[in-house]
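Chemist: Pasting a structure below so you can have a look.
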Amino acid sequence: MTQATVTLSGRDAVVPSRRHLRLPPWLEVAKPRLIPLLLATTLGGMALSESWPLPAPQLACTLGGGALAAAAAGMLNCLWEQELDGRMARTAGRALPSGRLSGQIAFLLAVSLTLAAAMLLVAGVNCLAAGLSLLGLCSYVLLYTVVLKPRTSRNIVIGGVAGA
């Protein structure tokens, strides 16, 4: 861990700071820090079902499909917000506004991940799981990103429903 020196009331204090790990652009737009949170809610929901514990292959397909759908949703969110991100100093260095990843590549990746998620969930779980995953993806991208985020500060609460 790196350290930084901070002056507090005339005294120097050493404070640990986080290293900034630079992810590949395609992974950055997938929002990998959010995916484990979404998978945790998925696991919680599965644990409440009558068929818990699930067979290992079905569990793996559920979590894998969920991760792919969440990554696709993150990419579509970044695509929608790239112009706004490019205008703000805090977000201008992100993969899409900075040009490290093209919008066309991000869109193709998002579509590919969406299709892969749907196929994995249909083949390894069932059509209902695939449909719910696509509903979550669409509600995150359309309801949260397109409709709510630009209009209300309550967007994060309502947007959390898509992840749950």
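Identifiers for the structure tokens are assigned positionally: chains receive A, B, ... in sequence, residues are indexed from 1 per chain, and ligands are indexed from 1 in the order shown.
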Counting only C-alpha atoms, which residues of segment 104-148 of chain A sit at most 8 Å from some atom of segment 75-93 of chain A, and what is each one's closest atom pair with its distance in Å to one decimal, listed by chain and rising residue number, as a tab-separated table?

Modeler:
```
residue	atom	partner	partner_atom	distance
A:Ala106	CA	A:Met75	CA	6.4
A:Phe107	CA	A:Leu76	CA	6.9
A:Leu109	CA	A:Met75	CA	7.9
A:Ala110	CA	A:Met75	CA	5.9
A:Val141	CA	A:Asn77	CA	5.8
A:Thr145	CA	A:Asn77	CA	6.2
A:Val146	CA	A:Trp80	CA	7.6
```

Chemist: Produce a file of the selected residues containing N, CA and C atoms, as a compact mmCIF listing (two decimals), in the first residue's frame.

Modeler:
```txt
# COMPACT_ATOMS: atom_id res chain seq x y z
N ALA A 106 -17.53 -1.07 -27.38
CA ALA A 106 -18.28 -1.22 -26.13
C ALA A 106 -19.69 -1.73 -26.41
N PHE A 107 -20.33 -1.22 -27.46
CA PHE A 107 -21.68 -1.67 -27.79
C PHE A 107 -21.68 -3.13 -28.21
N LEU A 109 -19.52 -5.41 -27.40
CA LEU A 109 -19.26 -6.21 -26.20
C LEU A 109 -20.52 -6.34 -25.36
N ALA A 110 -21.24 -5.25 -25.18
CA ALA A 110 -22.46 -5.28 -24.37
C ALA A 110 -23.50 -6.22 -24.98
N VAL A 141 -30.59 0.03 -17.30
CA VAL A 141 -30.17 0.93 -18.38
C VAL A 141 -31.25 1.95 -18.71
N THR A 145 -30.60 4.69 -15.77
CA THR A 145 -29.65 5.53 -16.50
C THR A 145 -30.33 6.61 -17.33
N VAL A 146 -31.32 6.22 -18.11
CA VAL A 146 -31.93 7.14 -19.07
C VAL A 146 -32.97 8.05 -18.42
```

Chemist: Name the residues of chain A that come out as strand (DSSP E) in a backbone DSSP run; write them as a VMD selection string.

Modeler: chain A and resid 2 to 8 11 to 17

Chemist: What separation in Å, quoted to one decimal, exists between atom CA of Val29 of chain A and atom CA of Leu108 of chain A?

Modeler: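 Computing it gives 12.6 Å between the two atoms.
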
Chemist: List every residue of segment 28-142 of chain A that DSSP, applied to the backbone of this structure, places in alpha helix (DSSP H), and write the result as number ranges by chain.

Modeler: A: 28, 35-47, 56-87, 95-98, 103-124, 127-138

Chemist: Could you turn the residues from that selection into a file that holds C-alpha atoms, as a PDB file, in the first residue's frame?

Modeler:
```
ATOM      1  CA  GLU A  28     -13.441  -0.748 -16.733  1.00  0.00           C
ATOM      2  CA  ILE A  35     -20.828  -7.238 -10.051  1.00  0.00           C
ATOM      3  CA  PRO A  36     -20.049  -8.993  -6.720  1.00  0.00           C
ATOM      4  CA  LEU A  37     -22.733  -6.895  -5.026  1.00  0.00           C
ATOM      5  CA  LEU A  38     -25.299  -7.991  -7.589  1.00  0.00           C
ATOM      6  CA  LEU A  39     -24.213 -11.612  -7.280  1.00  0.00           C
ATOM      7  CA  ALA A  40     -24.561 -11.393  -3.494  1.00  0.00           C
ATOM      8  CA  THR A  41     -28.214 -10.388  -3.866  1.00  0.00           C
ATOM      9  CA  THR A  42     -28.653 -13.210  -6.371  1.00  0.00           C
ATOM     10  CA  LEU A  43     -27.229 -15.710  -3.889  1.00  0.00           C
ATOM     11  CA  GLY A  44     -29.430 -14.330  -1.142  1.00  0.00           C
ATOM     12  CA  GLY A  45     -32.525 -14.764  -3.259  1.00  0.00           C
ATOM     13  CA  MET A  46     -31.553 -18.295  -4.244  1.00  0.00           C
ATOM     14  CA  ALA A  47     -30.872 -19.233  -0.621  1.00  0.00           C
ATOM     15  CA  ALA A  56     -23.408 -26.820  -8.514  1.00  0.00           C
ATOM     16  CA  PRO A  57     -23.805 -26.549 -12.330  1.00  0.00           C
ATOM     17  CA  GLN A  58     -27.076 -24.630 -11.961  1.00  0.00           C
ATOM     18  CA  LEU A  59     -25.537 -22.352  -9.328  1.00  0.00           C
ATOM     19  CA  ALA A  60     -22.528 -21.685 -11.581  1.00  0.00           C
ATOM     20  CA  CYS A  61     -24.757 -20.900 -14.574  1.00  0.00           C
ATOM     21  CA  THR A  62     -26.916 -18.576 -12.484  1.00  0.00           C
ATOM     22  CA  LEU A  63     -23.958 -16.630 -11.137  1.00  0.00           C
ATOM     23  CA  GLY A  64     -22.122 -16.663 -14.465  1.00  0.00           C
ATOM     24  CA  GLY A  65     -25.171 -15.449 -16.375  1.00  0.00           C
ATOM     25  CA  GLY A  66     -25.812 -12.803 -13.747  1.00  0.00           C
ATOM     26  CA  ALA A  67     -22.231 -11.577 -13.950  1.00  0.00           C
ATOM     27  CA  LEU A  68     -22.377 -11.370 -17.751  1.00  0.00           C
ATOM     28  CA  ALA A  69     -25.684  -9.480 -17.676  1.00  0.00           C
ATOM     29  CA  ALA A  70     -24.384  -7.082 -15.019  1.00  0.00           C
ATOM     30  CA  ALA A  71     -21.256  -6.396 -17.082  1.00  0.00           C
ATOM     31  CA  ALA A  72     -23.408  -5.716 -20.150  1.00  0.00           C
ATOM     32  CA  ALA A  73     -25.599  -3.329 -18.172  1.00  0.00           C
ATOM     33  CA  GLY A  74     -22.527  -1.479 -16.905  1.00  0.00           C
ATOM     34  CA  MET A  75     -21.230  -1.105 -20.450  1.00  0.00           C
ATOM     35  CA  LEU A  76     -24.542   0.213 -21.740  1.00  0.00           C
ATOM     36  CA  ASN A  77     -24.676   2.654 -18.823  1.00  0.00           C
ATOM     37  CA  CYS A  78     -21.192   3.936 -19.685  1.00  0.00           C
ATOM     38  CA  LEU A  79     -22.142   4.253 -23.350  1.00  0.00           C
ATOM     39  CA  TRP A  80     -25.194   6.338 -22.510  1.00  0.00           C
ATOM     40  CA  GLU A  81     -23.232   8.617 -20.182  1.00  0.00           C
ATOM     41  CA  GLN A  82     -20.011   9.024 -22.171  1.00  0.00           C
ATOM     42  CA  GLU A  83     -20.783  12.548 -23.413  1.00  0.00           C
ATOM     43  CA  LEU A  84     -21.622  13.792 -19.923  1.00  0.00           C
ATOM     44  CA  ASP A  85     -18.588  11.985 -18.484  1.00  0.00           C
ATOM     45  CA  GLY A  86     -16.388  13.732 -21.037  1.00  0.00           C
ATOM     46  CA  ARG A  87     -17.522  17.141 -19.763  1.00  0.00           C
ATOM     47  CA  ALA A  95     -12.431   4.617 -20.983  1.00  0.00           C
ATOM     48  CA  LEU A  96     -15.110   5.890 -23.368  1.00  0.00           C
ATOM     49  CA  PRO A  97     -14.807   9.685 -22.994  1.00  0.00           C
ATOM     50  CA  SER A  98     -11.014   9.491 -23.136  1.00  0.00           C
ATOM     51  CA  GLY A 103     -18.260   3.264 -28.470  1.00  0.00           C
ATOM     52  CA  GLN A 104     -18.702   0.692 -31.231  1.00  0.00           C
ATOM     53  CA  ILE A 105     -16.520  -1.863 -29.445  1.00  0.00           C
ATOM     54  CA  ALA A 106     -18.277  -1.224 -26.133  1.00  0.00           C
ATOM     55  CA  PHE A 107     -21.683  -1.668 -27.788  1.00  0.00           C
ATOM     56  CA  LEU A 108     -20.641  -4.915 -29.491  1.00  0.00           C
ATOM     57  CA  LEU A 109     -19.259  -6.210 -26.204  1.00  0.00           C
ATOM     58  CA  ALA A 110     -22.459  -5.282 -24.368  1.00  0.00           C
ATOM     59  CA  VAL A 111     -24.637  -7.041 -26.948  1.00  0.00           C
ATOM     60  CA  SER A 112     -22.346 -10.090 -26.919  1.00  0.00           C
ATOM     61  CA  LEU A 113     -22.395 -10.263 -23.124  1.00  0.00           C
ATOM     62  CA  THR A 114     -26.186  -9.910 -23.081  1.00  0.00           C
ATOM     63  CA  LEU A 115     -26.595 -12.757 -25.560  1.00  0.00           C
ATOM     64  CA  ALA A 116     -24.073 -14.925 -23.707  1.00  0.00           C
ATOM     65  CA  ALA A 117     -25.869 -14.284 -20.410  1.00  0.00           C
ATOM     66  CA  ALA A 118     -29.247 -15.182 -21.909  1.00  0.00           C
ATOM     67  CA  MET A 119     -27.919 -18.358 -23.527  1.00  0.00           C
ATOM     68  CA  LEU A 120     -26.133 -19.478 -20.363  1.00  0.00           C
ATOM     69  CA  LEU A 121     -29.194 -18.850 -18.213  1.00  0.00           C
ATOM     70  CA  VAL A 122     -31.610 -20.565 -20.623  1.00  0.00           C
ATOM     71  CA  ALA A 123     -29.338 -23.594 -21.062  1.00  0.00           C
ATOM     72  CA  GLY A 124     -28.131 -23.919 -17.476  1.00  0.00           C
ATOM     73  CA  CYS A 127     -36.128 -19.244 -19.279  1.00  0.00           C
ATOM     74  CA  LEU A 128     -37.493 -17.431 -16.231  1.00  0.00           C
ATOM     75  CA  ALA A 129     -33.963 -16.758 -14.948  1.00  0.00           C
ATOM     76  CA  ALA A 130     -32.938 -15.451 -18.372  1.00  0.00           C
ATOM     77  CA  GLY A 131     -36.026 -13.253 -18.567  1.00  0.00           C
ATOM     78  CA  LEU A 132     -35.499 -11.815 -15.089  1.00  0.00           C
ATOM     79  CA  SER A 133     -31.865 -11.112 -15.915  1.00  0.00           C
ATOM     80  CA  LEU A 134     -32.848  -9.242 -19.068  1.00  0.00           C
ATOM     81  CA  LEU A 135     -35.540  -7.368 -17.138  1.00  0.00           C
ATOM     82  CA  GLY A 136     -32.907  -6.275 -14.601  1.00  0.00           C
ATOM     83  CA  LEU A 137     -30.538  -5.182 -17.369  1.00  0.00           C
ATOM     84  CA  CYS A 138     -33.234  -3.191 -19.168  1.00  0.00           C
TER      85      CYS A 138
END
```
